[in-house]
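S.K.: What follows is a structure written as structure tokens; I'll ask about it next.
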Amino acid sequence: MAKMLEIIGLVLVSVMILGFVGALETFGIESGLTPLFWGCAGGTLIIIMYRKRKRKQAGLE
């Protein structure tokens with residue numbers, strides 16, 4: 001599960017960066033701070049918070 005979350009997080013970060021710099025304009029996605037950027041940033045943040053909570057729970061039990 002942890003490796004899968006790491007891969008998903010890496011994909012989200014890479015899509016976020018490519019969308020921000022404009023490398024995805026050929027697919028009709030605008031560059032800059034678009035909803036795609038914020039969606040990927042939010043998804044990555046949720047993964048980070050989830051993994052932190054799971055590590056904390058594993059340490060307490």
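Just remember, in the structure tokens the first chain shown is A, the second B, etc., residues are 1-based per chain, and ligands are 1-based in the order shown.
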Can you pull out every residue within 10 Å of range 49-61 of chain A, counting only C-alpha atoms, but drop anything in the same chain fewer than 2 positions away, and send it as JSON, numbers by chain?
M.R.: {"A": [2, 5, 6, 43, 44, 45, 46, 47]}
S.K.: Nearest to Cys40 in chain A among A:Ile8, A:Gly28, A:Val21, A:Lys3, with distances taken over only C-alpha atoms: which residue is it?
M.R.: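 Of A:Ile8, A:Gly28, A:Val21, A:Lys3, the one nearest Cys40 in chain A, counting only C-alpha atoms, is A:Ile8.
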S.K.: Please, what distance in Å, to one decimal, runs between CA of Ile17 in chain A and CA of Phe37 in chain A?
M.R.: 7.8 Å
S.K.: At a cut-off of 12 Å, using only C-alpha atoms, what residues contact range 29-35 of chain A? Leave out same-chain residues fewer than 3 positions from it and give the result as a list in words.
M.R.: Val15, Met16, Ile17, Leu18, Gly19, Phe20, Val21, Gly22, Ala23, Leu24, Glu25, Thr26, Trp38, Gly39, Cys40, Ala41, Gly42 and Gly43 of chain A
S.K.: Suppose we keep N, CA and C atoms; can you now write the selection as a compact mmCIF listing (two decimals), in the first residue's frame?
M.R.:
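Output file result_29.txt follows:
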```txt
# COMPACT_ATOMS: atom_id res chain seq x y z
N VAL A 15 2.65 15.41 -12.94
CA VAL A 15 1.60 16.05 -13.74
C VAL A 15 1.43 17.50 -13.32
N MET A 16 1.55 17.76 -12.01
CA MET A 16 1.43 19.13 -11.52
C MET A 16 2.53 20.01 -12.11
N ILE A 17 3.76 19.51 -12.12
CA ILE A 17 4.88 20.28 -12.67
C ILE A 17 4.73 20.48 -14.17
N LEU A 18 4.39 19.40 -14.89
CA LEU A 18 4.23 19.51 -16.34
C LEU A 18 3.09 20.46 -16.70
N GLY A 19 2.02 20.44 -15.94
CA GLY A 19 0.92 21.35 -16.20
C GLY A 19 1.29 22.79 -15.90
N PHE A 20 2.11 22.99 -14.87
CA PHE A 20 2.49 24.36 -14.50
C PHE A 20 3.40 24.99 -15.54
N VAL A 21 4.37 24.23 -16.05
CA VAL A 21 5.32 24.79 -17.00
C VAL A 21 4.77 24.83 -18.42
N GLY A 22 3.65 24.17 -18.67
CA GLY A 22 3.02 24.26 -19.98
C GLY A 22 3.37 23.13 -20.92
N ALA A 23 3.91 22.04 -20.42
CA ALA A 23 4.28 20.92 -21.28
C ALA A 23 3.06 20.13 -21.75
N LEU A 24 1.91 20.36 -21.16
CA LEU A 24 0.69 19.63 -21.54
C LEU A 24 -0.24 20.47 -22.39
N GLU A 25 0.26 21.57 -22.96
CA GLU A 25 -0.59 22.43 -23.78
C GLU A 25 -1.02 21.74 -25.07
N THR A 26 -0.26 20.76 -25.54
CA THR A 26 -0.64 20.04 -26.75
C THR A 26 -1.91 19.21 -26.52
N TRP A 38 -3.99 22.65 -8.93
CA TRP A 38 -4.48 22.64 -7.55
C TRP A 38 -5.04 21.27 -7.17
N GLY A 39 -5.64 20.57 -8.12
CA GLY A 39 -6.13 19.22 -7.84
C GLY A 39 -5.00 18.26 -7.53
N CYS A 40 -3.93 18.33 -8.32
CA CYS A 40 -2.77 17.48 -8.07
C CYS A 40 -2.09 17.86 -6.76
N ALA A 41 -1.99 19.15 -6.48
CA ALA A 41 -1.38 19.59 -5.22
C ALA A 41 -2.20 19.12 -4.03
N GLY A 42 -3.52 19.22 -4.12
CA GLY A 42 -4.38 18.75 -3.04
C GLY A 42 -4.29 17.25 -2.84
N GLY A 43 -4.27 16.50 -3.95
CA GLY A 43 -4.14 15.05 -3.85
C GLY A 43 -2.82 14.63 -3.22
```
S.K.: Would you return as a PyMOL selection string the members of chain A that DSSP assigns to alpha helix (DSSP H) on this structure's backbone?
M.R.: chain A and resi 2-21+35-60
